[in-house]
Each structure stands twice: as C-alpha cells, then as structure tokens.
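This report refers to the structure that appears directly beneath it.
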Amino acid sequence: GLSELQREAIHAWTSAGGLLVIAGGPGWQKTLAGLPKELLPVDVTGTLPLRSAQSLVSFFGEPIEDPGPWLVAQAVPTDGAIILREGETPLLIAARRGQGAVFFLAFDPSLEPLRSWRGSANLWRYLMGYVSGQIQVPSNVVRQYVGWGRFPRNALSDLSPLRPPTAESLPWILLFYGLTVGPGSYLVLRRVGHLEWALWVMPLLTVGAAAAAFATARTSSESEVLFNKLSLVRASDTVADAYSRTYVSAFSPRDGTYDIEITGRDGPAEGLVSALFFPFPAPSGTPTPGAGAIRSQRGESTVLKNFSLDARALGTFQIDARVPADGSIKSHLKLGSQGLAGTVSNGTRGKISNAALVVGQEVVRLGDLAPGEVRNVVVPIGEGSPIGFVDIPSTVRQLYPNPGLATPVSTSDAMTRDILDSAFNSSFALATRLDLNPVSLVGWLDQSPITLQARNARTSELDRTLMVAHLTVDPTSGEDVRIPSAMIERRNLVAGTGRISQTALVMSSGETILFEYALPHRPDRFTIANLALDLGGSTPANVPLQDVAQAAIYDWPSAEWRDVPLVPGLNGLGDPARVVSALGHLRVRFTYRQTSAAAGSLNLDRFGLSVFGRGV
C-alpha cells in the first residue's frame, strides 16, 4: 500500500545514511510488494520450513526454546553479504546503499521463534550498531542537508558568462529589407511581368521586416530574470540516489515580483528550499534591508510564490534535492599490491568535463568523459599519513583548472577555483566540507539537476555543476595485499577532540577520540589475516604509553566495547569476524587518562590501522 512518494522517501532515507530492516517469514510477499526492488540485497523465491536455527544461537548466545519448525523466506543474495546462514539457507543478509545499510531477515520478528526468544534483544542491538556513525548530526532527516562546504560567495555573484543584450542583427535586417523592397522586388516583378503586384508585395515585405526586427529585439534583449545556478552533486556508483545542493542568485534589471517554478531535470525536485540573504551582498554591520521570507508551495512542482527582486540586486536561495540514480557513474576498480587498476565509465546522459580521479591524495586527470565513455585507469597508491592527516588544500589545488599556471587567471578559472575551495572548504578546517572517499571521481556536468522558470517572465540560466561520485573498489582475487592507509576511510565520531596536524595527533588530558574506519572491501570479499592498531608517540615525562592511554574496540556480535592491551607499535585488535562488521566497518575508542605523573599533552606520530589479507 505504499505510494510512489513513500517508496522514494524510503530510498532517500537509506541513501542518506539510514538503516532499513526488511522482514521475511510467511508474509514476505506483502512486505516486499511495496518496496523499491533495487533496495533489496536479495531475490526472494518463496518460503521453506526451517527446523533449526543454531547459527542464531551461536552468534547471539541465547538458546531457542520453541521447538519449530518455522517458515522463513527463501532468499538468494544479489549484492548482499551473508551474515548468518543455517545450512544453505541465508538468515541475515546486509548490503550498503549509499551512506546507509539494508538488512534482509529471513524470519518474521512478530512470529516464533523470534517473538519469544530472549536473544531478540541482542539481535536488534546488533542491527542498531549499523546506524550511520555521524552521531554529531541529530537525525537522518537532516543528514543529506549537511556537508556541502561553504557558500561560494564570489562565484554566485559572477554573471559575466551570461550573454549581454545585443543589436548586431538589426543592421542586417534593415539592409536586407532595403534591398528586397527596392531593387529586389522590382527586378523580380519585372521578370514575371507584373509590376502592379508591388502594391501589395511592398506592404507585406514591410510587415515581415518589422516583425523580424521586433522578434530579434525581443530575443536578444536582456532577460527579465537571470538565474545563476551553482550546483553540487554527491553521487555513488551504487543503486543509491544522489543528492544535490543548488545555490541560486536571481538578478533582475528592474523591480519585480515573480513566481519561480522549481523542477527536476530528470525527476521531481522534492527538496528543501531555504533563503540565504537578500539582497546581495548584505551591508556590513546592518540588518539586511528588504529581507523577506521564502514562501514555497508544493504541488506537481515546487513554486516560490511572490519572490521579490529589487532593481539591479541579487536575490539568493538554495535548493537541496534528491537526484534519481538513473545511470550515474560506473566503476570496475581492483586494488592489488601494485595499486589501483580498472575502468571508470560515464553512465550519465551528458558529458563530464575536466574529470579527475582522486585516490587518497593523488589526483589523476581523466579529461572529458562523453556519455557512455569508458576510461582505463592505473594508479599507484602511496602509503599516506601515519596519523591519518589529509591535506585537503593540496588535493583541491590539483583539481584547479590549469594548476601549473600562476595568477592572474581568467574569470572563468577564478570562479571554478572559488567553487572548489568552497565545496571542499580548503581554508577552514573546522567547518563542514563535501567529503571525498578514498576513491572519488570529481568532474563538471553540463547541466544542473534543477531547472528554474519564472512564470510570465523571460529568464536566462547560467549553470555550473560540480559532481563528486564515490567509487567502490574490489580486491584482486587470490592476491595477498596490505591495504594502504590512504584507502581506509576514517571518521571522527566525537567532534572537537584530537587535533591532527601534518606531523602529530595531539590529545589533552582526559580526552577521548572515537574513530570509525571503513575498509575498501567487505569481509566476504577480502579475508583479513592480520588486523592491528599501529601506535607511536611521546608521553609527558616519558611515562609508558599503556599507563596513560586506554583503547577499546567495538565487538559487533555483542554490541559492546572490549578493551585492547596497548604497547607502542602494532596492537592486535582480535578476531576480525567480531570487530569488523559485515559491511567492512570497525570502531576504535582511545582515551588519554589524566594522571599526576603525566601532566601535559599526548603526541602521537602514528595512529592508524594495519590490515593484511587476501582477496576472495
């Protein structure tokens, strides 16, 4: 009974980091009937009786008292990882969807054996552990609206690429009219022997020339509303939807009030419209004059009602919207001992200009990618920083147009640089930024995913759209590999703790850092032989590290933290089957305890994961 909008909302929820658990059991057909098929990590073929669930008992540590048998959904994994199986029957399967996760549970939780099983609480604690770790963001509802960097102030005020009004064609129309109405018509009518026709031919030519002159003047004159759109698109090469943020500055040469219709280029633009400030720029130290509320009306499209523009001023607003995952970017990349190799293809409908592959902090320029074009890539991967420091300004400078040229640069290049600097926030470390995965494709799209039209007014649009697509990487089957630290994504789950520079990770007494790591491969595709935390640094008064620091690793089956003994160097983190999730995540907590013998800061020059394994 789900509507199309409800199905899209569930799809958007998981793409933004949400957790979706889909139940099976005898009623699986009704449950799955309303869900988008691309969300499912399995194909369900029917039901079967299950006489034992010993895998559940072993994993969660609680006996099942109901004798069974029980009807469960019979499923075949598509892209999902099997977490639990009983014989040949998968019971719990998981898959990534964008920043979120989807689980398929073969049982119905409202029926036996789960209904009265004491281990159900452990099962749900385990599942809740997969909730996206960005705990400083209050809710999934707003997570897709954060992480876009700074407002590109300079680029949004630049209207120079818009074509100015011109009258170049009017002299040619007058010249053509003069030649046609005079000697041209005379010669033609004389040749056919009907000079008297000039009585009606000349008025018709005059009317036609006047209409052409007025039409040319109207089409070449300045538009009533000019839209400067700067769009940022976050995409992936999975079935998850992308998200976009579009900054808009609207310019009008005269006072006016307009109804602005907002639609999606490839689908509905169900997003959030919010004001920036008006007019542009705001006077320093004074309240913004003329500021008014943004009033949007949702119907078949989104409409900004009565949007007022003062003459020669810029009205600004932003639009956050979902972008359907039709096409997008496709990658077939493998990580081996020699680096990264494979193909990247443009599955969008338009050209991607100035595309670049960002691997760790290495930028490989791919040039322009036509629709459907496939490009082979081979990238050697450096080891990366031993403390996980990422030099964002260096990476952004490599993405600049003509990075080897000094200033001055063209206005177009300067605005491109402003968009890159603002999106990745290369100048302010404490503000949010458009995140880069260990492997990302960065390029410029021909068109924004959002279209704007002022009702009852002629409009012009200027589009500049930056896309960042997060790409997945597969292991090389049968090859032993040490995963480079540059290929392991790390997120700090406790904001404001631990200060990272190029040379050290510094902690104050009593501070705790909580890192979530995302490995490039799932455990079912990469068998981990050795997993350790690499530590090194100096303590106040040379107190042994283990006396002032404490580490813990998150144990996924029990959903609890387990202490890890510490020494300088490599510290084993235990059984990878317990500390690495089915989707390749692990969480490490590190606390610098305040003691009388160690007063001062803890300086770590090594803090990272050491991962060895073999591709399956």
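Order determines the names: the first chain of the structure tokens is A, the second B, and so forth; residues in each chain are numbered 1 upward, and ligands are numbered 1 upward as they are shown.
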
If we count only C-alpha atoms and set the cut-off at 10 Å, which residues sit around A:Val344, ignoring sequence neighbours fewer than 5 positions away in its own chain? Please answer as a PyMOL selection string. chain A and resi 237+329-333+357+366+369+373-377+441+471

Residues near A:Ala242, cut-off 8 Å, only C-alpha atoms, skip fewer than 6 positions along chain, as a VMD selection string: chain A and resid 15 233 to 236 322 to 325

For C-alpha atoms, I'd like the residues from the last selection saved as a tab-separated table (two decimals), in the first residue's frame.
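Saved result, result17.tsv, follows:
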chain	number	residue	atom	x	y	z
A	15	SER	CA	20.90	6.81	0.67
A	233	VAL	CA	26.04	16.75	-6.64
A	234	ARG	CA	27.02	13.87	-4.33
A	235	ALA	CA	26.70	10.55	-6.14
A	236	SER	CA	27.91	6.96	-5.93
A	322	ARG	CA	17.31	14.20	-4.42
A	323	VAL	CA	18.75	13.16	-7.78
A	324	PRO	CA	17.43	9.83	-9.16
A	325	ALA	CA	20.21	7.25	-9.51

Do a neighbour search on A:Asp575 at 10 Å with only C-alpha atoms, toss out local chain neighbours closer than 5 positions, and write the hits as a PyMOL selection string. chain A and resi 528-531+555+580

Apply DSSP to the backbone of this structure and, from stretch 289-436 of chain A, keep only the residues in strand (DSSP E or B); write these as a PyMOL selection string. chain A and resi 296-298+302-309+313-323+329-336+339-346+352-359+362-369+374-379

Close residues, A:Leu105 itself excluded, 8 Å, only C-alpha atoms, min 6 positions apart in chain, as an NGL selection string: :A and (21-24 or 91-93)

Selected residue of minimal separation from A:Asn437 among A:Leu462, A:Ala423, A:Ala9, A:Val358, counting only C-alpha atoms: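 Checking each candidate against A:Asn437, we get A:Val358 as the closest.
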
Name the residues in contact with A:Ile488 at a cut-off of 7 Å, using only C-alpha atoms, excluding same-chain residues fewer than 4 positions from it; report them as a list of chain:residue names.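 My reading of the contact set: A:Pro438, A:Tyr517, A:Ala518, A:Leu519, A:Pro520.
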